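Structure file final10.cif (mmCIF, C-alpha atoms) is printed below.
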```
data_query
#
loop_
_atom_site.label_atom_id
_atom_site.label_comp_id
_atom_site.auth_asym_id
_atom_site.auth_seq_id
_atom_site.Cartn_x
_atom_site.Cartn_y
_atom_site.Cartn_z
CA MET C 550 -96.22 148.98 -79.47
CA THR C 551 -99.60 149.15 -81.20
CA VAL C 552 -100.69 151.93 -83.55
CA LEU C 553 -104.40 152.55 -84.24
CA ALA C 554 -106.38 154.62 -86.73
CA LEU C 555 -109.92 155.87 -86.13
CA GLU C 556 -112.28 157.28 -88.75
CA ILE C 557 -115.34 159.31 -87.76
CA ALA C 558 -117.38 159.09 -90.97
CA THR C 559 -120.88 160.26 -91.84
CA SER C 560 -122.53 156.94 -91.01
CA TRP C 561 -119.93 154.83 -89.20
CA PHE C 562 -116.99 154.71 -86.85
CA ALA C 563 -114.10 152.60 -88.18
CA VAL C 564 -110.97 151.43 -86.37
CA SER C 565 -107.96 149.53 -87.62
CA GLU C 566 -104.57 148.55 -86.31
CA ILE C 567 -101.76 149.91 -88.48
CA ALA C 568 -99.33 147.08 -89.27
CA SER C 569 -97.86 145.36 -92.31
CA ASP C 570 -100.00 142.25 -91.88
CA VAL C 571 -103.33 144.10 -91.50
CA ASP C 572 -105.73 144.25 -94.45
CA THR C 573 -109.20 145.62 -95.17
CA ASP C 574 -110.87 142.59 -93.58
CA ASP C 575 -109.38 143.63 -90.24
CA VAL C 576 -111.15 147.02 -90.22
CA ARG C 577 -113.89 147.12 -87.57
CA ARG C 578 -116.93 149.35 -88.19
CA ILE C 579 -120.06 150.24 -86.25
CA PRO C 580 -122.92 152.55 -87.28
CA VAL C 581 -122.87 156.07 -85.83
CA PRO C 582 -125.07 155.73 -82.73
CA ALA C 583 -127.85 158.14 -81.83
CA ARG C 584 -126.65 158.15 -78.21
CA GLY C 585 -123.53 157.11 -76.34
CA ALA C 586 -121.29 157.99 -79.28
CA TRP C 587 -118.01 158.24 -77.39
CA GLU C 588 -118.77 155.25 -75.19
CA GLN C 589 -119.32 153.05 -78.23
CA CYS C 590 -116.36 154.54 -80.09
CA ARG C 591 -114.14 153.89 -77.03
CA GLU C 592 -115.36 150.29 -76.82
CA LEU C 593 -114.50 149.78 -80.47
CA LEU C 594 -110.99 151.17 -79.91
CA LEU C 595 -110.49 148.98 -76.84
CA GLU C 596 -111.70 145.93 -78.75
CA VAL C 597 -109.13 146.45 -81.51
CA ALA C 598 -106.40 147.29 -78.98
CA ALA C 599 -107.10 143.94 -77.28
CA GLY C 600 -105.36 144.89 -74.06
CA ARG C 601 -102.14 146.03 -75.71
CA GLU C 602 -100.44 149.35 -74.95
CA ILE C 603 -101.21 151.94 -77.63
CA ALA C 604 -98.25 154.00 -78.84
CA SER C 605 -100.20 156.36 -81.09
CA LEU C 606 -103.68 156.98 -82.42
CA GLY C 607 -104.58 158.91 -85.56
CA ILE C 608 -108.13 160.29 -85.79
CA ALA C 609 -109.79 161.38 -89.03
CA SER C 610 -113.14 163.12 -88.63
CA THR C 611 -115.74 164.74 -90.78
CA GLY C 612 -115.90 168.45 -90.14
CA PRO C 613 -116.03 170.96 -88.85
CA ILE C 614 -113.15 170.41 -86.44
CA ASP C 615 -110.90 172.56 -84.28
CA MET C 616 -107.58 170.83 -84.72
CA ALA C 617 -105.68 172.93 -82.17
CA ALA C 618 -108.29 172.32 -79.46
CA GLY C 619 -108.75 168.65 -80.40
CA VAL C 620 -112.49 169.16 -80.86
CA VAL C 621 -114.80 167.67 -83.51
CA ALA C 622 -118.30 168.88 -84.38
CA PRO C 623 -119.52 166.55 -87.16
CA LEU C 624 -123.02 167.17 -88.49
CA ASP C 625 -123.80 163.45 -88.60
CA VAL C 626 -123.03 162.64 -84.96
CA PRO C 627 -125.95 164.27 -83.09
CA GLU C 628 -124.29 164.35 -79.67
CA TRP C 629 -121.16 166.01 -81.03
CA ARG C 630 -122.63 168.76 -83.22
CA SER C 631 -121.87 171.46 -80.65
CA GLY C 632 -118.34 170.12 -80.19
CA PHE C 633 -116.73 167.10 -78.54
CA ALA C 634 -113.17 167.08 -77.15
CA ILE C 635 -112.22 163.79 -78.77
CA VAL C 636 -108.45 164.15 -78.35
CA ALA C 637 -108.78 164.63 -74.59
CA ALA C 638 -111.19 161.69 -74.39
CA ALA C 639 -108.81 159.47 -76.37
CA ARG C 640 -105.86 160.46 -74.18
CA ALA C 641 -107.89 159.57 -71.10
CA ALA C 642 -108.64 156.15 -72.59
CA PHE C 643 -105.03 155.57 -73.72
CA PRO C 644 -102.77 157.58 -71.38
CA SER C 645 -99.53 156.41 -73.00
CA ALA C 646 -100.62 157.18 -76.56
CA SER C 647 -99.72 160.10 -78.78
CA VAL C 648 -103.05 161.27 -80.25
CA ARG C 649 -103.37 163.31 -83.46
CA LEU C 650 -106.53 164.66 -85.09
CA ALA C 651 -107.12 165.85 -88.65
CA LEU C 652 -110.04 166.50 -90.97
CA ASP C 653 -111.15 163.50 -93.04
CA GLY C 654 -110.10 165.33 -96.22
CA VAL C 655 -106.60 165.95 -94.87
CA CYS C 656 -106.30 162.26 -94.06
CA LEU C 657 -107.72 161.41 -97.48
CA ALA C 658 -104.88 163.37 -99.09
CA LEU C 659 -102.28 161.79 -96.79
CA GLY C 660 -103.53 158.30 -97.56
CA GLU C 661 -103.51 158.79 -101.32
CA GLN C 662 -100.10 160.48 -101.31
CA ASN C 663 -98.40 157.82 -99.22
CA LEU C 664 -100.19 154.67 -100.38
CA GLY C 665 -102.41 155.41 -103.36
CA THR C 666 -103.20 157.32 -106.51
CA THR C 667 -101.24 160.54 -105.93
CA LYS C 668 -98.02 158.96 -104.66
CA GLY C 669 -95.08 160.98 -105.98
CA VAL C 670 -97.32 163.82 -107.21
CA MET C 671 -96.48 167.22 -105.71
CA ASP C 672 -99.74 169.06 -106.47
CA SER C 673 -103.04 167.21 -106.38
CA LEU C 674 -106.65 167.24 -105.30
CA VAL C 675 -108.37 164.17 -103.84
CA ILE C 676 -112.16 163.95 -103.53
CA ASN C 677 -114.29 161.33 -101.82
CA VAL C 678 -117.89 161.29 -103.06
CA SER C 679 -120.05 159.20 -100.76
CA ASP C 680 -122.99 160.35 -98.62
CA ARG C 681 -121.18 163.67 -98.37
CA VAL C 682 -118.23 165.14 -100.28
CA CYS C 683 -114.83 165.57 -98.66
CA GLY C 684 -111.57 166.63 -100.22
CA GLY C 685 -107.89 167.06 -99.55
CA VAL C 686 -105.29 169.21 -101.27
CA MET C 687 -101.56 168.66 -101.70
CA VAL C 688 -99.45 171.68 -102.70
CA GLY C 689 -95.71 171.33 -103.18
CA GLY C 690 -95.84 167.88 -101.63
CA PHE C 691 -97.45 169.09 -98.40
CA VAL C 692 -101.04 168.60 -97.32
CA VAL C 693 -102.99 171.84 -96.91
CA VAL C 694 -104.43 171.96 -93.39
CA GLY C 695 -105.64 175.53 -92.93
CA ARG C 696 -105.98 177.88 -89.98
CA THR C 697 -108.41 175.72 -87.98
CA GLY C 698 -107.70 172.40 -89.69
CA ASN C 699 -110.67 172.63 -92.05
CA ALA C 700 -108.92 173.23 -95.38
CA GLY C 701 -110.12 171.04 -98.21
CA HIS C 702 -113.89 171.42 -97.79
CA VAL C 703 -114.37 171.09 -101.55
CA GLY C 704 -117.94 169.93 -100.91
CA HIS C 705 -118.80 173.55 -100.22
CA VAL C 706 -117.35 175.00 -103.39
CA LEU C 707 -120.21 176.78 -105.15
CA VAL C 708 -121.17 175.23 -108.47
CA PRO C 709 -122.58 177.48 -111.22
CA GLY C 710 -125.90 176.36 -112.63
CA PHE C 711 -127.16 174.71 -109.44
CA ASP C 712 -129.16 176.17 -106.55
CA ASP C 713 -129.88 173.07 -104.45
CA ARG C 714 -130.08 173.71 -100.70
CA CYS C 715 -127.14 172.34 -98.73
CA ASP C 716 -127.14 170.94 -95.20
CA CYS C 717 -124.66 173.70 -94.30
CA GLY C 718 -127.45 176.24 -94.80
CA GLY C 719 -126.20 177.59 -98.12
CA ARG C 720 -127.30 176.91 -101.67
CA GLY C 721 -125.49 175.60 -104.72
CA CYS C 722 -122.70 173.77 -102.86
CA LEU C 723 -121.07 170.82 -104.62
CA GLU C 724 -122.22 168.51 -101.81
CA ALA C 725 -125.83 169.59 -102.32
CA VAL C 726 -125.69 168.13 -105.85
CA ALA C 727 -122.93 165.50 -105.90
CA GLY C 728 -123.14 164.16 -102.35
CA GLY C 729 -124.70 160.71 -102.33
CA ALA C 730 -127.38 161.65 -99.79
CA ALA C 731 -128.34 164.70 -101.84
CA ALA C 732 -128.38 162.72 -105.11
CA LEU C 733 -130.60 160.11 -103.47
CA ARG C 734 -133.04 162.78 -102.25
CA TRP C 735 -133.15 164.30 -105.75
CA ALA C 736 -133.81 160.91 -107.38
CA GLN C 737 -136.57 160.10 -104.89
CA ALA C 738 -138.17 163.50 -105.56
CA GLN C 739 -138.27 162.53 -109.24
CA GLY C 740 -140.17 159.34 -108.40
CA TRP C 741 -137.39 156.77 -107.98
CA THR C 742 -138.31 154.31 -105.23
CA GLY C 743 -134.88 153.05 -104.17
CA LEU C 744 -133.68 153.59 -100.62
CA THR C 745 -129.87 153.69 -100.53
CA VAL C 746 -126.97 155.41 -102.23
CA PRO C 747 -125.32 152.12 -103.32
CA ALA C 748 -128.64 151.06 -104.88
CA LEU C 749 -128.81 154.42 -106.69
CA VAL C 750 -125.31 153.93 -108.08
CA GLU C 751 -126.07 150.35 -109.14
CA ALA C 752 -129.27 151.46 -110.88
CA ALA C 753 -127.35 154.18 -112.72
CA VAL C 754 -124.82 151.61 -113.91
CA MET C 755 -127.72 149.49 -115.19
CA GLY C 756 -129.01 152.48 -117.15
CA GLU C 757 -132.14 153.39 -115.19
CA GLU C 758 -133.23 156.84 -116.29
CA ILE C 759 -133.66 158.72 -112.99
CA PRO C 760 -130.56 157.29 -111.24
CA ALA C 761 -128.51 157.97 -114.38
CA ALA C 762 -129.80 161.54 -114.40
CA ALA C 763 -128.84 161.92 -110.73
CA MET C 764 -125.32 160.74 -111.53
CA GLY C 765 -125.24 163.05 -114.54
CA ARG C 766 -126.01 166.05 -112.32
CA ALA C 767 -123.37 164.92 -109.86
CA GLY C 768 -120.77 164.43 -112.59
CA THR C 769 -121.42 167.85 -114.12
CA ALA C 770 -121.18 169.54 -110.72
CA LEU C 771 -117.97 167.68 -109.90
CA GLY C 772 -116.40 168.62 -113.22
CA ARG C 773 -117.23 172.30 -112.79
CA ALA C 774 -115.89 172.34 -109.23
CA ILE C 775 -112.71 170.52 -110.27
CA ALA C 776 -112.07 173.00 -113.07
CA SER C 777 -112.36 175.89 -110.61
CA VAL C 778 -110.17 174.35 -107.92
CA ALA C 779 -107.56 173.20 -110.44
CA ALA C 780 -107.28 176.73 -111.84
CA LEU C 781 -106.98 178.19 -108.33
CA LEU C 782 -104.33 175.76 -107.07
CA ASP C 783 -102.52 174.73 -110.28
CA VAL C 784 -102.87 170.99 -109.63
CA ASP C 785 -102.25 168.42 -112.34
CA LEU C 786 -103.95 165.36 -110.88
CA VAL C 787 -107.38 164.83 -109.31
CA ALA C 788 -108.28 161.46 -107.78
CA ILE C 789 -111.91 160.65 -107.02
CA GLY C 790 -113.07 157.88 -104.71
CA GLY C 791 -116.20 156.98 -102.79
CA VAL C 792 -119.30 155.06 -103.76
CA LEU C 793 -120.37 157.51 -106.50
CA SER C 794 -117.05 157.02 -108.28
CA GLU C 795 -118.29 153.49 -109.10
CA ALA C 796 -121.19 154.82 -111.21
CA GLY C 797 -119.31 154.38 -114.49
CA PRO C 798 -120.09 156.47 -117.58
CA ALA C 799 -123.25 157.91 -115.99
CA LEU C 800 -120.96 159.95 -113.70
CA TRP C 801 -117.64 160.06 -115.52
CA LYS C 802 -118.84 161.14 -118.97
CA PRO C 803 -120.52 164.39 -117.80
CA LEU C 804 -117.67 164.94 -115.33
CA ASN C 805 -115.02 164.77 -118.04
CA GLU C 806 -117.13 166.88 -120.39
CA ALA C 807 -117.45 169.60 -117.73
CA VAL C 808 -113.70 169.56 -117.07
CA ALA C 809 -112.96 169.78 -120.79
CA THR C 810 -115.40 172.68 -121.18
CA HIS C 811 -114.18 174.76 -118.25
CA ALA C 812 -110.50 173.87 -117.59
CA ARG C 813 -109.26 175.81 -120.64
CA LEU C 814 -106.24 177.70 -119.31
CA SER C 815 -102.98 176.62 -120.92
CA PHE C 816 -101.41 175.42 -117.67
CA LEU C 817 -104.32 173.01 -117.18
CA SER C 818 -103.76 171.19 -120.47
CA GLY C 819 -102.26 168.19 -118.65
CA LEU C 820 -104.94 167.99 -115.95
CA ARG C 821 -105.93 164.38 -115.26
CA VAL C 822 -108.99 163.18 -113.35
CA VAL C 823 -108.81 159.52 -112.35
CA GLN C 824 -110.48 157.08 -110.00
CA SER C 825 -108.84 156.44 -106.63
CA THR C 826 -106.98 153.17 -106.22
CA LEU C 827 -107.35 153.05 -102.41
CA GLY C 828 -111.11 152.72 -102.37
CA PRO C 829 -113.05 152.75 -99.08
CA ILE C 830 -109.97 152.64 -96.82
CA SER C 831 -108.45 155.91 -98.08
CA VAL C 832 -109.41 158.11 -95.11
CA LEU C 833 -108.55 155.42 -92.54
CA ALA C 834 -105.20 154.87 -94.26
CA GLY C 835 -104.50 158.59 -93.92
CA ALA C 836 -105.36 158.45 -90.23
CA GLY C 837 -102.78 155.68 -89.99
CA VAL C 838 -100.17 157.90 -91.65
CA LEU C 839 -101.10 160.58 -89.14
CA ALA C 840 -100.54 158.14 -86.26
CA LEU C 841 -97.25 156.85 -87.60
CA THR C 842 -95.86 160.37 -87.91
CA ALA C 843 -97.06 161.48 -84.47
CA PRO C 844 -94.37 162.93 -82.19
CA GLY C 845 -94.32 161.84 -78.58
CA ASP C 846 -96.73 163.89 -76.45
#
```

Just give me the structure as structure tokens.
Amino acid sequence: MTVLALEIATSWFAVSEIASDVDTDDVRRIPVPARGAWEQCRELLLEVAAGREIASLGIASTGPIDMAAGVVAPLDVPEWRSGFAIVAAARAAFPSASVRLALDGVCLALGEQNLGTTKGVMDSLVINVSDRVCGGVMVGGFVVVGRTGNAGHVGHVLVPGFDDRCDCGGRGCLEAVAGGAAALRWAQAQGWTGLTVPALVEAAVMGEEIPAAAMGRAGTALGRAIASVAALLDVDLVAIGGVLSEAGPALWKPLNEAVATHARLSFLSGLRVVQSTLGPISVLAGAGVLALTAPGD
């Protein structure tokens, strides 16, 4: 029986079979379409299924979601912003499959705990810093899901010292400073002429002034948010992945300085902030864990 994982990300849909002989080269991705989102997502799933019967499907989606209702409402999929019943649609496409849905941050935490950086750690925070910021929390060895399934939205922790407008409608959210899309907009407003987040990160690594400053702002905001969340939840390990985590000292130096400045309580003396070892497959890997642990419907 075949097990599949689906990731609804900010700019792509990704699908992979979950099996011991599958690697990152087997992940299939398509850009998030402006129209026909489910039709194209379904075709991608069917392509990877290749006519085989699907036993279970794990779905990781950017939020907000309603986990109990099986509904997603991601900001970056225009057709689904008011809510799309993705679990029902997936069950219609694969009638014999057990289908489970979770927030991308929940899957991020599951992936890192089972296969990556936080394996064996009971209390941890995992953050992915790409176009947007998502996060997952493990407490006592269990992933924190929340009332509606939206726990872990660390991108909307308020960061002191910043008042940037966020896509959520608020101001001063971590994502409004440290999200890749927000950092790119800030750099362009300062006169930088690059067009993509990976190019911004690469320019920061090369020492260009404006991209390095954008990563510096992001690192400071991340460090302040981490210090707050670590104090609230008493975690001892934070793993950071996503494209911005590749920015080197331009991001990590101000991040570590902010953590050192603000995480001063005695029980935080052993707090470690490290780079994720799973890389770009972390959320999809967590969706696979979700699928493999799915009970029969």

Within 10 Å of (-130.2, 159.6, -106.6) (file coordinates; all atoms listed in the file), which protein or nucleic acid residues are there? I'd like them as an MDAnalysis selection string. chainID C and resid 726:739 741:750 752:753 759:767

For the interface of range 681-730 of chain C with range 617-627 of chain C (cut-off 9 Å, counting all atoms listed in the file), please tabulate each contacting residue of range 681-730 of chain C alongside its nearest pair of atoms and their separation in Å to one decimal, rows sorted by chain and increasing number, as JSON lines.
```
{"residue": "C:Thr697", "atom": "CA", "partner": "C:Ala617", "partner_atom": "CA", "distance": 7.0}
{"residue": "C:Gly698", "atom": "CA", "partner": "C:Ala617", "partner_atom": "CA", "distance": 7.8}
{"residue": "C:Asp716", "atom": "CA", "partner": "C:Leu624", "partner_atom": "CA", "distance": 8.7}
{"residue": "C:Cys717", "atom": "CA", "partner": "C:Leu624", "partner_atom": "CA", "distance": 8.9}
```

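Selection around (-113.6, 161.1, -84.5) with radius 8 Å, counting only C-alpha atoms, yields the residues Leu555, Glu556, Ile557, Ala558, Phe562, Ile608, Ala609, Ser610, Thr611, Val621, Ile635 and Leu650 of chain C.
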
Emit the selected residues as a tab-separated table (two decimals), in the coordinates of the input, including C-alpha atoms.
```
chain	number	residue	atom	x	y	z
C	555	LEU	CA	-109.92	155.87	-86.13
C	556	GLU	CA	-112.28	157.28	-88.75
C	557	ILE	CA	-115.34	159.31	-87.76
C	558	ALA	CA	-117.38	159.09	-90.97
C	562	PHE	CA	-116.99	154.71	-86.85
C	608	ILE	CA	-108.13	160.29	-85.79
C	609	ALA	CA	-109.79	161.38	-89.03
C	610	SER	CA	-113.14	163.12	-88.63
C	611	THR	CA	-115.74	164.74	-90.78
C	621	VAL	CA	-114.80	167.67	-83.51
C	635	ILE	CA	-112.22	163.79	-78.77
C	650	LEU	CA	-106.53	164.66	-85.09
```

So that I can see what lies close to Ile579 in chain C, please list as a PyMOL selection string the residues with an atom at most 9 Å from it, counting only C-alpha atoms and leaving out residues fewer than 2 positions away in the same chain. chain C and resi 560-563+577+581-582+589-590+593

Output C-alpha atoms of each residue in that selection to a file, as a CSV table (one decimal), in the coordinates of the input.
```
chain,number,residue,atom,x,y,z
C,560,SER,CA,-122.5,156.9,-91.0
C,561,TRP,CA,-119.9,154.8,-89.2
C,562,PHE,CA,-117.0,154.7,-86.8
C,563,ALA,CA,-114.1,152.6,-88.2
C,577,ARG,CA,-113.9,147.1,-87.6
C,581,VAL,CA,-122.9,156.1,-85.8
C,582,PRO,CA,-125.1,155.7,-82.7
C,589,GLN,CA,-119.3,153.0,-78.2
C,590,CYS,CA,-116.4,154.5,-80.1
C,593,LEU,CA,-114.5,149.8,-80.5
```

If you apply the PyMOL selection byres ((chain C and resi 684) around 6) to this file, what residues do you get, as a ChimeraX atom specification? /C:654,675-676,683,685,701-703

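Computed from the coordinates, the CA of Asp574 in chain C to CA of Leu664 in chain C distance equals 17.5 Å.
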
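Minimum distance to Ala638 in chain C across C:Leu594, C:Ala812, C:Met671, C:Leu652 (counting all atoms listed in the file) occurs at C:Leu594.
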
Taking the file as shown, what set of residues would the PyMOL selection byres ((chain C and resi 799-807) around 6) give back, as JSON, numbers by chain? {"C": [761, 764, 765, 768, 769, 772, 773, 796, 797, 798, 808, 809, 810]}

Restricting the calculation to all atoms listed in the file: of C:Ser831, C:Leu841, C:His705, C:Glu588, which residue gets closest to Ile567 in chain C? C:Leu841

Could you list, as a ChimeraX atom specification, every residue within 9 Å of Val706 in chain C, counting only C-alpha atoms and ignoring same-chain residues fewer than 5 positions away? /C:721-724,774,777-778

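Compared by their closest atoms to Ala637 in chain C, and using all atoms listed in the file, the residues C:Val754, C:Ala598, C:Cys656, C:Met616 rank with C:Met616 nearest.
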
If we count all atoms listed in the file and set the cut-off at 10 Å, which residues sit around Thr842 in chain C, ignoring sequence neighbours fewer than 4 positions away in its own chain? Please answer as a ChimeraX atom specification. /C:605,607,647,649,836-838

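The residue that comes closest to Leu657 in chain C, out of C:Ser815, C:Thr573, C:Ser631, C:Ser673 and on the basis of only C-alpha atoms, is C:Ser673.
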
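Shortest atom-to-atom contact with Ser818 in chain C among C:Asp713, C:Asp680, C:Asp615, C:Asp783: C:Asp783, counting all atoms listed in the file.
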
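Nearest residue to Gly612 in chain C among C:Gly791, C:Gly600, C:Gly632, C:Pro580 is C:Gly632, counting only C-alpha atoms.
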
Can you sort out range 798-809 of chain C so it carries N, CA and C atoms, written as a PDB file, in the coordinates of the input?
```pdb
ATOM      1  N   PRO C 798    -119.895 155.362-116.653  1.00  0.00           N
ATOM      2  CA  PRO C 798    -120.090 156.470-117.580  1.00  0.00           C
ATOM      3  C   PRO C 798    -121.180 157.459-117.178  1.00  0.00           C
ATOM      4  N   ALA C 799    -122.175 157.007-116.415  1.00  0.00           N
ATOM      5  CA  ALA C 799    -123.250 157.910-115.990  1.00  0.00           C
ATOM      6  C   ALA C 799    -122.699 159.094-115.215  1.00  0.00           C
ATOM      7  N   LEU C 800    -121.624 158.881-114.457  1.00  0.00           N
ATOM      8  CA  LEU C 800    -120.960 159.950-113.700  1.00  0.00           C
ATOM      9  C   LEU C 800    -119.774 160.514-114.462  1.00  0.00           C
ATOM     10  N   TRP C 801    -118.930 159.627-114.991  1.00  0.00           N
ATOM     11  CA  TRP C 801    -117.640 160.060-115.520  1.00  0.00           C
ATOM     12  C   TRP C 801    -117.746 160.791-116.850  1.00  0.00           C
ATOM     13  N   LYS C 802    -118.716 160.437-117.684  1.00  0.00           N
ATOM     14  CA  LYS C 802    -118.840 161.140-118.970  1.00  0.00           C
ATOM     15  C   LYS C 802    -119.190 162.616-118.768  1.00  0.00           C
ATOM     16  N   PRO C 803    -120.245 162.966-118.024  1.00  0.00           N
ATOM     17  CA  PRO C 803    -120.520 164.390-117.800  1.00  0.00           C
ATOM     18  C   PRO C 803    -119.422 165.077-116.991  1.00  0.00           C
ATOM     19  N   LEU C 804    -118.777 164.351-116.092  1.00  0.00           N
ATOM     20  CA  LEU C 804    -117.670 164.940-115.330  1.00  0.00           C
ATOM     21  C   LEU C 804    -116.550 165.366-116.274  1.00  0.00           C
ATOM     22  N   ASN C 805    -116.111 164.454-117.129  1.00  0.00           N
ATOM     23  CA  ASN C 805    -115.020 164.770-118.040  1.00  0.00           C
ATOM     24  C   ASN C 805    -115.410 165.846-119.044  1.00  0.00           C
ATOM     25  N   GLU C 806    -116.670 165.837-119.462  1.00  0.00           N
ATOM     26  CA  GLU C 806    -117.130 166.880-120.390  1.00  0.00           C
ATOM     27  C   GLU C 806    -117.080 168.258-119.723  1.00  0.00           C
ATOM     28  N   ALA C 807    -117.474 168.322-118.448  1.00  0.00           N
ATOM     29  CA  ALA C 807    -117.450 169.600-117.730  1.00  0.00           C
ATOM     30  C   ALA C 807    -116.018 170.085-117.540  1.00  0.00           C
ATOM     31  N   VAL C 808    -115.109 169.172-117.206  1.00  0.00           N
ATOM     32  CA  VAL C 808    -113.700 169.560-117.070  1.00  0.00           C
ATOM     33  C   VAL C 808    -113.159 170.074-118.394  1.00  0.00           C
ATOM     34  N   ALA C 809    -113.452 169.359-119.471  1.00  0.00           N
ATOM     35  CA  ALA C 809    -112.960 169.780-120.790  1.00  0.00           C
ATOM     36  C   ALA C 809    -113.529 171.141-121.198  1.00  0.00           C
TER      37      ALA C 809
END
```
